[in-house]
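As stored in upload-v5.pdb (PDB, C-alpha atoms):
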```
ATOM      1  CA  MET A1037      12.405   0.232  27.257
ATOM      2  CA  PRO A1038       9.516   2.706  27.514
ATOM      3  CA  LYS A1039       6.235   1.841  25.826
ATOM      4  CA  LEU A1040       5.464   3.927  22.747
ATOM      5  CA  SER A1041       2.175   5.796  22.625
ATOM      6  CA  ASN A1042      -0.343   5.025  19.899
ATOM      7  CA  ASN A1043       0.360   8.431  18.356
ATOM      8  CA  LYS A1044       4.088   7.699  18.087
ATOM      9  CA  ILE A1045       3.404   4.279  16.608
ATOM     10  CA  TYR A1046       1.176   5.944  13.997
ATOM     11  CA  TRP A1047       3.948   8.360  12.994
ATOM     12  CA  ILE A1048       6.561   5.603  12.880
ATOM     13  CA  GLY A1049       4.275   3.693  10.509
ATOM     14  CA  PHE A1050       3.822   6.812   8.394
ATOM     15  CA  ILE A1051       7.590   7.309   8.137
ATOM     16  CA  ILE A1052       8.123   3.655   7.159
ATOM     17  CA  ILE A1053       5.441   3.895   4.457
ATOM     18  CA  VAL A1054       6.939   7.121   3.077
ATOM     19  CA  ILE A1055      10.400   5.514   3.003
ATOM     20  CA  VAL A1056       9.142   2.381   1.211
ATOM     21  CA  TYR A1057       7.168   4.510  -1.263
ATOM     22  CA  SER A1058      10.153   6.766  -1.941
ATOM     23  CA  LEU A1059      12.657   3.929  -2.273
ATOM     24  CA  TYR A1060      10.359   2.079  -4.634
ATOM     25  CA  ASN A1061      10.025   5.116  -6.880
ATOM     26  CA  LEU A1062      13.729   5.948  -6.736
ATOM     27  CA  TYR A1063      15.101   2.477  -7.367
ATOM     28  CA  PHE A1064      12.453   0.800  -9.519
ATOM     29  CA  ILE A1065      10.425   3.424 -11.364
ATOM     30  CA  ASP A1066      12.509   6.545 -11.908
ATOM     31  CA  VAL A1067      15.394   4.695 -13.538
ATOM     32  CA  ASN A1068      16.469   4.691 -17.146
ATOM     33  CA  TYR A1069      16.557   0.883 -17.333
ATOM     34  CA  TYR A1070      12.925   0.337 -16.239
ATOM     35  CA  ASP A1071      11.806  -0.841 -19.686
ATOM     36  CA  SER A1072      14.589  -3.430 -19.803
ATOM     37  CA  ILE A1073      13.349  -5.129 -16.609
ATOM     38  CA  PRO A1074      11.378  -8.268 -17.558
ATOM     39  CA  ARG A1075       7.625  -7.820 -17.161
ATOM     40  CA  LYS A1076       7.255 -10.737 -14.736
ATOM     41  CA  LEU A1077      10.018  -9.379 -12.512
ATOM     42  CA  ARG A1078       8.280  -5.978 -12.494
ATOM     43  CA  HIS A1079       5.137  -7.724 -11.240
ATOM     44  CA  VAL A1080       7.077  -9.208  -8.330
ATOM     45  CA  GLU A1081       8.800  -5.857  -7.657
ATOM     46  CA  LYS A1082       5.377  -4.233  -7.414
ATOM     47  CA  PHE A1083       3.849  -6.913  -5.212
ATOM     48  CA  ILE A1084       6.498  -6.715  -2.486
ATOM     49  CA  PRO A1085       5.963  -3.025  -1.538
ATOM     50  CA  ILE A1086       2.196  -3.589  -1.514
ATOM     51  CA  LEU A1087       2.593  -6.357   1.051
ATOM     52  CA  VAL A1088       5.117  -4.374   3.122
ATOM     53  CA  ILE A1089       2.902  -1.289   3.261
ATOM     54  CA  TYR A1090      -0.210  -3.346   3.987
ATOM     55  CA  GLY A1091       1.635  -5.111   6.810
ATOM     56  CA  VAL A1092       3.082  -1.912   8.287
ATOM     57  CA  GLY A1093      -0.306  -0.206   8.110
ATOM     58  CA  THR A1094      -2.084  -3.146   9.676
ATOM     59  CA  PHE A1095       0.454  -3.449  12.489
ATOM     60  CA  THR A1096       0.586   0.271  13.329
ATOM     61  CA  LEU A1097      -3.070   1.155  12.831
ATOM     62  CA  LYS A1098      -4.520  -1.725  14.866
ATOM     63  CA  SER A1099      -3.692   0.018  18.141
ATOM     64  CA  TYR A1100      -4.466   3.489  16.825
ATOM     65  CA  THR A1101      -7.854   3.324  15.119
ATOM     66  CA  ALA A1102     -11.350   2.032  15.677
ATOM     67  CA  ASP A1103     -12.288  -1.439  14.487
ATOM     68  CA  TRP A1104     -14.463  -0.147  11.642
ATOM     69  CA  MET A1105     -11.517   1.820  10.217
ATOM     70  CA  MET A1106      -9.374  -1.304  10.266
ATOM     71  CA  TYR A1107     -12.180  -3.151   8.504
ATOM     72  CA  ILE A1108     -12.138  -0.540   5.722
ATOM     73  CA  TRP A1109      -8.311  -0.695   5.583
ATOM     74  CA  HIS A1110      -8.414  -4.487   5.137
ATOM     75  CA  LEU A1111     -11.358  -4.432   2.727
ATOM     76  CA  VAL A1112      -9.828  -1.868   0.370
ATOM     77  CA  HIS A1113      -6.438  -3.582   0.354
ATOM     78  CA  ILE A1114      -7.776  -7.091  -0.111
ATOM     79  CA  ILE A1115     -10.142  -6.118  -2.935
ATOM     80  CA  ILE A1116      -7.498  -4.150  -4.839
ATOM     81  CA  ILE A1117      -4.785  -6.768  -4.253
ATOM     82  CA  ALA A1118      -7.131  -9.519  -5.475
ATOM     83  CA  LEU A1119      -7.972  -7.486  -8.581
ATOM     84  CA  LEU A1120      -4.285  -6.820  -9.261
ATOM     85  CA  LEU A1121      -3.466 -10.507  -8.789
ATOM     86  CA  ILE A1122      -6.201 -11.587 -11.195
ATOM     87  CA  ILE A1123      -5.006  -9.148 -13.845
ATOM     88  CA  GLY A1124      -1.383 -10.122 -13.171
ATOM     89  CA  ILE A1125      -2.183 -13.808 -13.600
ATOM     90  CA  TYR A1126      -3.950 -13.003 -16.859
ATOM     91  CA  ASP A1127      -0.912 -10.974 -17.957
ATOM     92  CA  TRP A1128       1.468 -13.842 -17.126
ATOM     93  CA  THR A1129      -0.718 -16.494 -18.737
ATOM     94  CA  PHE A1130      -2.280 -14.966 -21.828
ATOM     95  CA  GLY A1131      -0.034 -11.988 -22.640
ATOM     96  CA  GLU A1132      -0.030  -8.264 -22.079
ATOM     97  CA  VAL A1133      -3.202  -6.479 -21.119
ATOM     98  CA  SER A1134      -4.342  -3.349 -22.946
ATOM     99  CA  ALA A1135      -2.899   0.089 -22.258
ATOM    100  CA  GLN A1136      -6.157   1.256 -20.662
ATOM    101  CA  ILE A1137      -6.115  -1.613 -18.180
ATOM    102  CA  ARG A1138      -2.421  -0.994 -17.438
ATOM    103  CA  ASN A1139      -3.290   2.648 -16.651
ATOM    104  CA  VAL A1140      -6.022   1.566 -14.232
ATOM    105  CA  ILE A1141      -3.667  -0.979 -12.659
ATOM    106  CA  GLY A1142      -0.979   1.685 -12.294
ATOM    107  CA  THR A1143      -3.414   4.024 -10.563
ATOM    108  CA  LEU A1144      -4.626   1.314  -8.176
ATOM    109  CA  PHE A1145      -1.059   0.264  -7.434
ATOM    110  CA  GLU A1146       0.003   3.851  -6.777
ATOM    111  CA  PHE A1147      -2.973   4.290  -4.446
ATOM    112  CA  LEU A1148      -2.007   1.189  -2.453
ATOM    113  CA  ILE A1149       1.649   2.086  -1.952
ATOM    114  CA  SER A1150       1.236   5.813  -1.411
ATOM    115  CA  PRO A1151       0.704   7.051   2.135
ATOM    116  CA  LEU A1152      -2.653   8.553   1.088
ATOM    117  CA  MET A1153      -4.934   5.968   2.660
ATOM    118  CA  TYR A1154      -2.797   5.778   5.803
ATOM    119  CA  ILE A1155      -3.078   9.555   6.204
ATOM    120  CA  ALA A1156      -6.822   9.416   5.532
ATOM    121  CA  VAL A1157      -7.257   6.863   8.317
ATOM    122  CA  GLY A1158      -5.220   9.108  10.637
ATOM    123  CA  ILE A1159      -7.354  12.139   9.777
ATOM    124  CA  LEU A1160     -10.581  10.186  10.265
ATOM    125  CA  ASN A1161      -9.294   8.885  13.559
ATOM    126  CA  SER A1162      -8.439  12.353  14.828
ATOM    127  CA  LYS A1163     -11.796  13.647  13.577
ATOM    128  CA  PHE A1164     -13.683  10.971  15.468
ATOM    129  CA  ASN A1165     -11.195  11.128  18.353
ATOM    130  CA  ARG A1166     -10.732   7.378  18.621
ATOM    131  CA  THR A1167      -7.070   7.313  19.621
ATOM    132  CA  ASP A1168      -7.801   5.101  22.610
ATOM    133  CA  LYS A1169      -9.160   1.682  21.764
ATOM    134  CA  LYS A1170     -11.215  -0.166  24.358
TER     135      LYS A1170
END
```

Please go through the file and, once you have read it, give me the structure as structure tokens.
Amino acid sequence: MPKLSNNKIYWIGFIIIVIVYSLYNLYFIDVNYYDSIPRKLRHVEKFIPILVIYGVGTFTLKSYTADWMMYIWHLVHIIIIALLLIIGIYDWTFGEVSAQIRNVIGTLFEFLISPLMYIAVGILNSKFNRTDKK
């Protein structure tokens, strides 16, 4: 089996992230029964794609980008995931959070599962021409 180049691995990761993002929106968000899904189950349904996309991005970007870009990738994901977990725990324990906080959470969640940050890392990498790691 021939070894894949770093560029091909990057594009495979991009395609996987786009598929996960699209499937999530098609099967969990853009459905008429979304409001009937229990709130706690929605939390779990949102956490799974975050972990999948974080894992795919970590696996595919580690051979494609510079170390400092991976540090930013990890830092952004870990901070936002920790914030979402804290708010989710509050929501499970003490009741629903306000609409304003839910809007912020929705925006942060959408940012994490969309391919936006993955593309940004790819653009930065091509700008700094760091396709070959040490």

Long-range neighbours of Leu1148 in chain A as a VMD selection string, 10 Å cut-off, all atoms listed in the file, 4 positions minimum in chain = chain A and resid 1057 1085 to 1087 1089 to 1090 1112 to 1113 1116 to 1117 1142 to 1144 1152 to 1154

Determine, using all atoms listed in the file, which residues of range 1077-1115 of chain A have any atom at most 12 Å from an atom of range 1127-1135 of chain A, and tabulate each with its shortest atom pair and distance in Å to one decimal place, rows ordered by chain and then rising number, as JSON lines.
```
{"residue": "A:Leu1077", "atom": "CA", "partner": "A:Trp1128", "partner_atom": "CA", "distance": 10.7}
{"residue": "A:Arg1078", "atom": "CA", "partner": "A:Trp1128", "partner_atom": "CA", "distance": 11.4}
{"residue": "A:His1079", "atom": "CA", "partner": "A:Trp1128", "partner_atom": "CA", "distance": 9.2}
{"residue": "A:Val1080", "atom": "CA", "partner": "A:Trp1128", "partner_atom": "CA", "distance": 11.4}
```

With 3 Å on each side, where is the centre of the axis-aligned box around all listed atoms of range 1135-1146 of chain A, and how long are its edges in Å to one decimal, as JSON?
```
{"center_x": -3.1, "center_y": 1.2, "center_z": -14.5, "size_x": 12.2, "size_y": 11.6, "size_z": 21.5}
```

Work out how far apart CA of Thr1101 in chain A and CA of Val1157 in chain A are and give it in Å to one decimal.
->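 Result for CA of Thr1101 in chain A versus CA of Val1157 in chain A: 7.7 Å, one decimal.
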
Determine, counting all atoms listed in the file, which protein, DNA and RNA residues have an atom within 12 Å of an atom of Trp1104 in chain A; residues of the same chain fewer than 4 positions away are not included. Present the result as number ranges by chain.
-> A: 1097-1098, 1100, 1108-1111, 1157, 1160-1161, 1164, 1166, 1169
